[in-house]
$ cat entry.cif   # mmCIF, C-alpha atoms
data_start
loop_
_atom_site.group_PDB
_atom_site.id
_atom_site.type_symbol
_atom_site.label_atom_id
_atom_site.label_comp_id
_atom_site.auth_asym_id
_atom_site.auth_seq_id
_atom_site.Cartn_x
_atom_site.Cartn_y
_atom_site.Cartn_z
ATOM 1 C CA MET M 30 0.000 0.000 0.000
ATOM 2 C CA ARG M 31 2.873 2.320 0.854
ATOM 3 C CA LYS M 32 4.461 1.647 -2.551
ATOM 4 C CA ILE M 33 1.236 2.612 -4.330
ATOM 5 C CA SER M 34 0.915 5.906 -2.465
ATOM 6 C CA VAL M 35 4.601 6.740 -3.121
ATOM 7 C CA LEU M 36 4.108 5.881 -6.789
ATOM 8 C CA SER M 37 0.935 7.990 -6.908
ATOM 9 C CA ALA M 38 2.721 10.938 -5.325
ATOM 10 C CA LEU M 39 5.574 10.553 -7.789
ATOM 11 C CA LEU M 40 3.194 10.456 -10.745
ATOM 12 C CA LEU M 41 1.307 13.521 -9.509
ATOM 13 C CA THR M 42 4.506 15.528 -9.181
ATOM 14 C CA ALA M 43 5.602 14.398 -12.641
ATOM 15 C CA CYS M 44 2.497 15.846 -14.294
ATOM 16 C CA VAL M 45 3.370 18.879 -16.335
ATOM 17 C CA THR M 46 0.814 21.378 -17.457
ATOM 18 C CA ILE M 47 1.576 23.202 -20.644
ATOM 19 C CA ASN M 48 -0.407 26.346 -21.219
ATOM 20 C CA ILE M 49 -0.669 27.564 -24.760
ATOM 21 C CA TYR M 50 -1.260 31.287 -24.688
ATOM 22 C CA PHE M 51 -2.786 33.209 -27.535
ATOM 23 C CA PRO M 52 0.044 35.047 -29.335
ATOM 24 C CA ALA M 53 -1.535 38.516 -29.375
ATOM 25 C CA ALA M 54 1.475 40.347 -30.848
ATOM 26 C CA ALA M 55 1.811 37.787 -33.623
ATOM 27 C CA ALA M 56 -1.919 38.037 -34.294
ATOM 28 C CA GLU M 57 -1.674 41.824 -34.680
ATOM 29 C CA LYS M 58 1.249 41.455 -37.059
ATOM 30 C CA ALA M 59 -0.632 38.834 -39.094
ATOM 31 C CA ALA M 60 -3.792 40.978 -39.132
ATOM 32 C CA ASP M 61 -1.849 43.994 -40.396
ATOM 33 C CA GLU M 62 -0.229 41.910 -43.126
ATOM 34 C CA ILE M 63 -3.541 40.457 -44.288
ATOM 35 C CA ILE M 64 -5.441 43.766 -44.149
ATOM 36 C CA LYS M 65 -2.736 45.655 -46.035
ATOM 37 C CA ASP M 66 -2.633 42.898 -48.629
ATOM 38 C CA ILE M 67 -6.427 42.976 -49.067
ATOM 39 C CA GLN M 68 -6.446 46.753 -49.351
ATOM 40 C CA GLY M 69 -3.459 46.797 -51.695
ATOM 41 C CA ILE M 70 -1.373 48.958 -49.371
ATOM 42 C CA THR M 71 2.332 48.662 -50.023
ATOM 43 C CA PRO M 72 4.601 49.306 -47.072
ATOM 44 C CA GLN M 73 6.402 52.620 -47.214
ATOM 45 C CA LYS M 74 10.156 52.450 -47.525
ATOM 46 C CA THR M 75 12.012 54.253 -44.800
ATOM 47 C CA GLU M 76 15.289 55.987 -45.334
ATOM 48 C CA PRO M 77 18.162 54.365 -43.445
ATOM 49 C CA LYS M 78 19.316 56.408 -40.511
ATOM 50 C CA PRO M 79 22.816 57.773 -40.773
ATOM 51 C CA LYS M 80 25.373 55.887 -38.710
ATOM 52 C CA ALA M 81 26.877 57.507 -35.688
ATOM 53 C CA GLY M 82 30.241 58.979 -36.465
ATOM 54 C CA LEU M 83 32.391 56.901 -34.098
ATOM 55 C CA PRO M 84 36.134 56.645 -34.693
ATOM 56 C CA ASP M 85 37.304 53.278 -36.060
ATOM 57 C CA TRP M 86 39.258 52.460 -32.891
ATOM 58 C CA GLN M 87 36.081 52.919 -30.789
ATOM 59 C CA VAL M 88 34.026 50.676 -33.075
ATOM 60 C CA GLY M 89 36.788 48.052 -32.856
ATOM 61 C CA MET M 90 36.798 48.221 -29.056
ATOM 62 C CA TYR M 91 33.018 47.771 -28.907
ATOM 63 C CA ARG M 92 33.278 44.720 -31.153
ATOM 64 C CA ILE M 93 35.968 43.179 -28.924
ATOM 65 C CA ILE M 94 33.885 43.824 -25.796
ATOM 66 C CA ASP M 95 30.773 42.404 -27.482
ATOM 67 C CA THR M 96 32.642 39.259 -28.542
ATOM 68 C CA ALA M 97 34.060 38.803 -25.025
ATOM 69 C CA ILE M 98 30.653 39.175 -23.415
ATOM 70 C CA ASN M 99 29.047 36.748 -25.883
ATOM 71 C CA THR M 100 31.804 34.207 -25.158
ATOM 72 C CA VAL M 101 31.325 34.394 -21.401
ATOM 73 C CA VAL M 102 27.559 34.723 -21.333
ATOM 74 C CA SER M 103 25.670 32.317 -23.540
ATOM 75 C CA SER M 104 22.854 33.925 -25.384
ATOM 76 C CA ALA M 105 19.400 32.604 -24.689
ATOM 77 C CA GLN M 106 16.820 33.474 -27.261
ATOM 78 C CA ALA M 107 13.170 32.777 -26.884
ATOM 79 C CA ASP M 108 11.347 31.787 -30.009
ATOM 80 C CA GLU M 109 9.109 34.587 -31.136
ATOM 81 C CA ALA M 110 5.518 33.500 -31.233
ATOM 82 C CA ASP M 111 4.280 33.089 -34.757
ATOM 83 C CA LEU M 112 0.838 32.707 -36.220
ATOM 84 C CA ALA M 113 0.359 30.651 -39.367
ATOM 85 C CA ILE M 114 -1.612 32.580 -41.977
ATOM 86 C CA ASP M 115 -0.914 30.453 -45.003
ATOM 87 C CA SER M 116 -3.260 27.662 -45.939
ATOM 88 C CA ALA M 117 -5.306 26.981 -49.056
ATOM 89 C CA GLU M 118 -8.466 28.236 -47.343
ATOM 90 C CA ILE M 119 -6.791 31.413 -46.065
ATOM 91 C CA ARG M 120 -5.280 32.166 -49.498
ATOM 92 C CA GLN M 121 -8.694 31.698 -51.123
ATOM 93 C CA LEU M 122 -10.430 33.989 -48.628
ATOM 94 C CA ARG M 123 -7.749 36.652 -48.960
ATOM 95 C CA ALA M 124 -8.014 36.581 -52.756
ATOM 96 C CA THR M 125 -11.807 36.873 -52.629
ATOM 97 C CA MET M 126 -11.657 39.757 -50.157
ATOM 98 C CA GLU M 127 -8.957 41.507 -52.177
ATOM 99 C CA GLY M 128 -11.142 41.265 -55.290
ATOM 100 C CA ARG M 129 -14.156 42.632 -53.420
ATOM 101 C CA PHE M 130 -12.227 45.564 -51.946
ATOM 102 C CA ALA M 131 -12.410 47.505 -55.234
ATOM 103 C CA SER M 132 -16.209 47.525 -54.837
ATOM 104 C CA LEU M 133 -16.092 48.359 -51.118
ATOM 105 C CA GLN M 134 -13.597 51.216 -51.315
ATOM 106 C CA PRO M 135 -15.988 53.753 -52.875
ATOM 107 C CA LEU M 136 -18.611 52.785 -50.286
ATOM 108 C CA TYR M 137 -16.149 53.470 -47.473
ATOM 109 C CA ALA M 138 -15.184 56.790 -49.092
ATOM 110 C CA ALA M 139 -18.816 57.861 -49.506
ATOM 111 C CA GLY M 140 -19.532 56.997 -45.878
ATOM 112 C CA PHE M 141 -22.204 54.456 -46.828
ATOM 113 C CA ILE M 142 -20.465 51.691 -44.884
ATOM 114 C CA GLY M 143 -18.281 51.624 -41.794
ATOM 115 C CA ILE M 144 -16.381 49.277 -39.542
ATOM 116 C CA GLN M 145 -18.302 48.178 -36.469
ATOM 117 C CA ALA M 146 -16.639 47.736 -33.085
ATOM 118 C CA ASP M 147 -16.457 43.978 -33.716
ATOM 119 C CA GLY M 148 -14.561 44.514 -36.985
ATOM 120 C CA LEU M 149 -17.453 43.595 -39.226
ATOM 121 C CA LEU M 150 -18.902 46.006 -41.769
ATOM 122 C CA ALA M 151 -22.248 47.738 -41.465
ATOM 123 C CA VAL M 152 -24.321 49.965 -43.690
ATOM 124 C CA ARG M 153 -24.281 53.171 -41.664
ATOM 125 C CA ASP M 154 -27.358 54.821 -43.152
ATOM 126 C CA ILE M 155 -29.263 52.848 -45.762
ATOM 127 C CA GLU M 156 -31.274 55.951 -46.664
ATOM 128 C CA SER M 157 -28.124 57.709 -47.894
ATOM 129 C CA VAL M 158 -27.399 54.875 -50.346
ATOM 130 C CA PRO M 159 -29.046 55.426 -53.742
ATOM 131 C CA LEU M 160 -32.135 53.229 -54.038
ATOM 132 C CA LYS M 161 -30.815 51.359 -57.078
ATOM 133 C CA ASP M 162 -27.593 50.418 -55.186
ATOM 134 C CA ARG M 163 -29.022 49.350 -51.825
ATOM 135 C CA ASN M 164 -29.412 45.682 -52.620
ATOM 136 C CA GLN M 165 -25.879 45.458 -54.016
ATOM 137 C CA VAL M 166 -24.405 47.287 -51.008
ATOM 138 C CA ASN M 167 -26.176 44.936 -48.592
ATOM 139 C CA LYS M 168 -24.915 41.904 -50.546
ATOM 140 C CA LEU M 169 -21.329 43.210 -50.559
ATOM 141 C CA VAL M 170 -21.405 43.872 -46.812
ATOM 142 C CA ALA M 171 -22.915 40.448 -46.074
ATOM 143 C CA ALA M 172 -20.355 38.663 -48.275
ATOM 144 C CA GLU M 173 -17.455 40.572 -46.705
ATOM 145 C CA ASN M 174 -18.668 39.825 -43.185
ATOM 146 C CA ALA M 175 -19.088 36.122 -43.975
ATOM 147 C CA ASP M 176 -15.553 35.988 -45.399
ATOM 148 C CA ARG M 177 -14.113 37.824 -42.409
ATOM 149 C CA GLN M 178 -15.722 35.327 -40.036
ATOM 150 C CA SER M 179 -14.450 32.431 -42.163
ATOM 151 C CA LEU M 180 -10.962 33.966 -42.267
ATOM 152 C CA TYR M 181 -10.763 34.181 -38.476
ATOM 153 C CA GLN M 182 -11.817 30.561 -38.104
ATOM 154 C CA ALA M 183 -9.438 29.449 -40.866
ATOM 155 C CA ILE M 184 -6.509 31.159 -39.133
ATOM 156 C CA ALA M 185 -7.449 29.536 -35.828
ATOM 157 C CA ASN M 186 -7.730 26.147 -37.526
ATOM 158 C CA ALA M 187 -4.409 26.596 -39.364
ATOM 159 C CA ASN M 188 -2.752 27.100 -36.006
ATOM 160 C CA GLY M 189 -4.341 24.026 -34.463
ATOM 161 C CA HIS M 190 -6.468 26.076 -32.072
ATOM 162 C CA PRO M 191 -10.044 26.406 -33.359
ATOM 163 C CA ASP M 192 -10.862 27.943 -29.970
ATOM 164 C CA TRP M 193 -8.754 31.025 -30.862
ATOM 165 C CA ALA M 194 -11.284 32.260 -33.450
ATOM 166 C CA ALA M 195 -12.904 34.758 -31.054
ATOM 167 C CA GLN M 196 -9.520 36.164 -30.004
ATOM 168 C CA ILE M 197 -8.418 36.445 -33.618
ATOM 169 C CA LYS M 198 -11.658 38.250 -34.467
ATOM 170 C CA SER M 199 -11.104 40.639 -31.570
ATOM 171 C CA THR M 200 -7.534 41.334 -32.683
ATOM 172 C CA PHE M 201 -8.618 41.938 -36.270
ATOM 173 C CA ALA M 202 -11.402 44.273 -35.093
ATOM 174 C CA GLY M 203 -8.876 46.742 -33.749
ATOM 175 C CA ARG M 204 -6.539 46.329 -36.707
ATOM 176 C CA TRP M 205 -9.303 47.008 -39.272
ATOM 177 C CA VAL M 206 -9.824 50.400 -37.621
ATOM 178 C CA THR M 207 -6.101 51.120 -37.284
ATOM 179 C CA ASN M 208 -5.562 50.333 -40.972
ATOM 180 C CA ALA M 209 -8.634 52.271 -42.127
ATOM 181 C CA GLN M 210 -7.978 55.102 -44.529
ATOM 182 C CA ALA M 211 -8.638 58.730 -43.675
ATOM 183 C CA GLY M 212 -12.318 59.588 -44.089
ATOM 184 C CA TRP M 213 -13.596 56.072 -43.380
ATOM 185 C CA TRP M 214 -16.162 55.568 -40.640
ATOM 186 C CA TYR M 215 -15.796 53.263 -37.655
ATOM 187 C CA GLN M 216 -17.725 52.569 -34.479
ATOM 188 C CA SER M 217 -16.309 53.520 -31.119
ATOM 189 C CA SER M 218 -18.194 53.444 -27.818
ATOM 190 C CA GLY M 219 -21.454 52.874 -29.685
ATOM 191 C CA SER M 220 -21.219 55.868 -31.986
ATOM 192 C CA TRP M 221 -19.871 56.400 -35.477
ATOM 193 C CA LYS M 222 -16.663 58.401 -35.911
ATOM 194 C CA GLN M 223 -14.755 59.392 -39.004
ATOM 195 C CA LYS M 224 -11.069 58.670 -39.180
#

$ encode --input "entry.cif" --output "structure tokens"
Amino acid sequence: MRKISVLSALLLTACVTINIYFPAAAAEKAADEIIKDIQGITPQKTEPKPKAGLPDWQVGMYRIIDTAINTVVSSAQADEADLAIDSAEIRQLRATMEGRFASLQPLYAAGFIGIQADGLLAVRDIESVPLKDRNQVNKLVAAENADRQSLYQAIANANGHPDWAAQIKSTFAGRWVTNAQAGWWYQSSGSWKQK
């Protein structure tokens, strides 16, 4: 009996719990990449900063000190969390959304549609949309929202965590607003605001 309780205690202490945390920073980076790709925004090139004008002997000394420190102290690098955003389903959704963006852009610019707090699109004021275009605008918004929801789930699935879909949606919600162009409308604290 004593052997069983010792074995049980040993097994209980050997249990290891691994918590997989949602990689929020990686999700923001992935959201920005996807949104900019959909909207056809190319990243702006930044001019390289001029190097500090240190004398050659000083640069050499810093290199020697750096090498000595790296020899004595081993570097420990944590793997940066990454979020997979490349699967057949994700590529298909991105392509569809990119194709639809040309039709949505004038609607954003006219103020007919806006980004809700949850990151989905909404027709802000259906009465302001010309009567002949209302049905088409509603269809575009519905299709975009369905694809956004599918994209969030596809990203969660591609990362082996279908339960992350809500967190991915929440991350994208903020990034849609951040990446919105000037003049577009978005919801904040229950009211519409123009960027």

$ atom_distance --input "entry.cif" --atom1 "CA of Gln165 (chain M)" --atom2 "CA of Gln134 (chain M)"
13.8 Å

$ closest_atom_pairs --input "entry.cif" --of "region 102-171 of chain M" --to "region 58-64 of chain M" --cutoff "10 Å" --atoms "all atoms listed in the file" --output "Markdown table"
| residue | atom | partner | partner_atom | distance |
| --- | --- | --- | --- | --- |
| M:Asp111 | CA | M:Ala59 | CA | 8.7 |
| M:Leu112 | CA | M:Ala59 | CA | 6.9 |
| M:Ala113 | CA | M:Ala59 | CA | 8.2 |
| M:Ile114 | CA | M:Ala59 | CA | 7.0 |
| M:Ile119 | CA | M:Ile63 | CA | 9.8 |
| M:Arg120 | CA | M:Ile63 | CA | 9.9 |
| M:Arg123 | CA | M:Ile63 | CA | 7.3 |
| M:Met126 | CA | M:Ile64 | CA | 9.5 |
| M:Glu127 | CA | M:Ile64 | CA | 9.1 |

$ residues_around --input "entry.cif" --residues "Phe141 (chain M)" --least-positions-apart "2" --cutoff "9 Å" --atoms "only C-alpha atoms" --output "PyMOL selection string"
chain M and resi 135-139+143+151-155+157-158+166+214

$ write_last_selection --input "entry.cif" --atoms "C-alpha atoms" --output "CSV table (one decimal), in the frame of the given file"
chain,number,residue,atom,x,y,z
M,135,PRO,CA,-16.0,53.8,-52.9
M,136,LEU,CA,-18.6,52.8,-50.3
M,137,TYR,CA,-16.1,53.5,-47.5
M,138,ALA,CA,-15.2,56.8,-49.1
M,139,ALA,CA,-18.8,57.9,-49.5
M,143,GLY,CA,-18.3,51.6,-41.8
M,151,ALA,CA,-22.2,47.7,-41.5
M,152,VAL,CA,-24.3,50.0,-43.7
M,153,ARG,CA,-24.3,53.2,-41.7
M,154,ASP,CA,-27.4,54.8,-43.2
M,155,ILE,CA,-29.3,52.8,-45.8
M,157,SER,CA,-28.1,57.7,-47.9
M,158,VAL,CA,-27.4,54.9,-50.3
M,166,VAL,CA,-24.4,47.3,-51.0
M,214,TRP,CA,-16.2,55.6,-40.6

$ atom_distance --input "entry.cif" --atom1 "CA of Ala209 (chain M)" --atom2 "CA of Asp192 (chain M)"
27.3 Å

$ resolve_selection --input "entry.cif" --expression "the PyMOL selection byres ((chain M and resi 148) around 7)" --output "list in words"
Ile144, Gln145, Ala146, Asp147, Leu149, Leu150, Phe201, Ala202, Gly203 and Trp205 of chain M

$ closest_residue --input "entry.cif" --among "M:Asp66, M:Glu57, M:Asp85, M:Glu118" --to "Ala187 (chain M)" --atoms "all atoms listed in the file"
M:Glu118

$ closest_residue --input "entry.cif" --among "M:Ile142, M:Ala183, M:Ala195, M:Leu133" --to "Gln216 (chain M)" --atoms "only C-alpha atoms"
M:Ile142

$ closest_residue --input "entry.cif" --among "M:Gly212, M:Gly128, M:Lys161, M:Ile70" --to "Lys224 (chain M)" --atoms "all atoms listed in the file"
M:Gly212

$ atom_distance --input "entry.cif" --atom1 "CA of Ala211 (chain M)" --atom2 "CA of Gln68 (chain M)"
13.4 Å

$ closest_residue --input "entry.cif" --among "M:Ile184, M:Ala53, M:Ile67, M:Ala171" --to "Thr125 (chain M)" --atoms "all atoms listed in the file"
M:Ile67

$ decode --input "entry.cif" --residues "region 132-168 of chain M" --atoms "N, CA and C atoms" --output "CSV table (one decimal), in the first residue's frame"
chain,number,residue,atom,x,y,z
M,132,SER,N,-14.8,47.1,-54.9
M,132,SER,CA,-16.2,47.5,-54.8
M,132,SER,C,-16.5,48.2,-53.5
M,133,LEU,N,-15.8,47.8,-52.4
M,133,LEU,CA,-16.1,48.4,-51.1
M,133,LEU,C,-15.5,49.7,-50.9
M,134,GLN,N,-14.3,50.0,-51.5
M,134,GLN,CA,-13.6,51.2,-51.3
M,134,GLN,C,-14.4,52.5,-51.6
M,135,PRO,N,-15.2,52.6,-52.7
M,135,PRO,CA,-16.0,53.8,-52.9
M,135,PRO,C,-17.1,53.9,-51.8
M,136,LEU,N,-17.6,52.8,-51.3
M,136,LEU,CA,-18.6,52.8,-50.3
M,136,LEU,C,-18.1,53.3,-49.0
M,137,TYR,N,-16.8,52.9,-48.6
M,137,TYR,CA,-16.1,53.5,-47.5
M,137,TYR,C,-16.0,55.0,-47.6
M,138,ALA,N,-15.5,55.4,-48.8
M,138,ALA,CA,-15.2,56.8,-49.1
M,138,ALA,C,-16.4,57.7,-49.0
M,139,ALA,N,-17.6,57.1,-49.5
M,139,ALA,CA,-18.8,57.9,-49.5
M,139,ALA,C,-19.5,57.9,-48.1
M,140,GLY,N,-19.0,57.1,-47.2
M,140,GLY,CA,-19.5,57.0,-45.9
M,140,GLY,C,-20.8,56.1,-45.8
M,141,PHE,N,-21.0,55.3,-46.8
M,141,PHE,CA,-22.2,54.5,-46.8
M,141,PHE,C,-22.0,53.3,-45.9
M,142,ILE,N,-20.8,52.8,-45.8
M,142,ILE,CA,-20.5,51.7,-44.9
M,142,ILE,C,-19.4,52.1,-43.9
M,143,GLY,N,-19.3,51.4,-42.8
M,143,GLY,CA,-18.3,51.6,-41.8
M,143,GLY,C,-17.9,50.3,-41.1
M,144,ILE,N,-16.9,50.4,-40.3
M,144,ILE,CA,-16.4,49.3,-39.5
M,144,ILE,C,-17.0,49.3,-38.1
M,145,GLN,N,-17.7,48.3,-37.8
M,145,GLN,CA,-18.3,48.2,-36.5
M,145,GLN,C,-17.2,47.9,-35.4
M,146,ALA,N,-17.6,48.0,-34.2
M,146,ALA,CA,-16.6,47.7,-33.1
M,146,ALA,C,-16.1,46.3,-33.1
M,147,ASP,N,-16.9,45.4,-33.6
M,147,ASP,CA,-16.5,44.0,-33.7
M,147,ASP,C,-15.7,43.7,-35.0
M,148,GLY,N,-15.4,44.7,-35.8
M,148,GLY,CA,-14.6,44.5,-37.0
M,148,GLY,C,-15.3,44.1,-38.2
M,149,LEU,N,-16.6,43.9,-38.1
M,149,LEU,CA,-17.5,43.6,-39.2
M,149,LEU,C,-18.0,44.9,-39.8
M,150,LEU,N,-18.4,44.8,-41.1
M,150,LEU,CA,-18.9,46.0,-41.8
M,150,LEU,C,-20.4,46.2,-41.5
M,151,ALA,N,-20.8,47.4,-41.6
M,151,ALA,CA,-22.2,47.7,-41.5
M,151,ALA,C,-22.6,48.9,-42.4
M,152,VAL,N,-23.8,48.8,-42.9
M,152,VAL,CA,-24.3,50.0,-43.7
M,152,VAL,C,-24.7,51.0,-42.7
M,153,ARG,N,-24.1,52.1,-42.7
M,153,ARG,CA,-24.3,53.2,-41.7
M,153,ARG,C,-25.7,53.8,-41.8
M,154,ASP,N,-26.1,54.2,-43.0
M,154,ASP,CA,-27.4,54.8,-43.2
M,154,ASP,C,-27.9,54.4,-44.5
M,155,ILE,N,-28.7,53.4,-44.5
M,155,ILE,CA,-29.3,52.8,-45.8
M,155,ILE,C,-30.0,53.9,-46.6
M,156,GLU,N,-30.6,54.9,-45.9
M,156,GLU,CA,-31.3,56.0,-46.7
M,156,GLU,C,-30.3,56.8,-47.5
M,157,SER,N,-29.1,56.9,-47.1
M,157,SER,CA,-28.1,57.7,-47.9
M,157,SER,C,-27.6,57.0,-49.1
M,158,VAL,N,-27.8,55.7,-49.2
M,158,VAL,CA,-27.4,54.9,-50.3
M,158,VAL,C,-28.5,55.0,-51.4
M,159,PRO,N,-28.1,55.3,-52.7
M,159,PRO,CA,-29.0,55.4,-53.7
M,159,PRO,C,-29.9,54.2,-53.8
M,160,LEU,N,-31.2,54.3,-54.0
M,160,LEU,CA,-32.1,53.2,-54.0
M,160,LEU,C,-31.7,52.1,-54.9
M,161,LYS,N,-31.2,52.4,-56.1
M,161,LYS,CA,-30.8,51.4,-57.1
M,161,LYS,C,-29.6,50.5,-56.6
M,162,ASP,N,-28.8,51.1,-55.6
M,162,ASP,CA,-27.6,50.4,-55.2
M,162,ASP,C,-27.7,49.7,-53.9
M,163,ARG,N,-28.9,49.9,-53.2
M,163,ARG,CA,-29.0,49.4,-51.8
M,163,ARG,C,-28.9,47.8,-51.7
M,164,ASN,N,-29.5,47.1,-52.6
M,164,ASN,CA,-29.4,45.7,-52.6
M,164,ASN,C,-28.0,45.2,-52.8
M,165,GLN,N,-27.3,45.8,-53.7
M,165,GLN,CA,-25.9,45.5,-54.0
M,165,GLN,C,-25.0,45.8,-52.8
M,166,VAL,N,-25.2,46.9,-52.2
M,166,VAL,CA,-24.4,47.3,-51.0
M,166,VAL,C,-24.6,46.3,-49.9
M,167,ASN,N,-25.9,45.9,-49.6
M,167,ASN,CA,-26.2,44.9,-48.6
M,167,ASN,C,-25.5,43.6,-48.9
M,168,LYS,N,-25.5,43.2,-50.2
M,168,LYS,CA,-24.9,41.9,-50.5
M,168,LYS,C,-23.4,42.0,-50.4
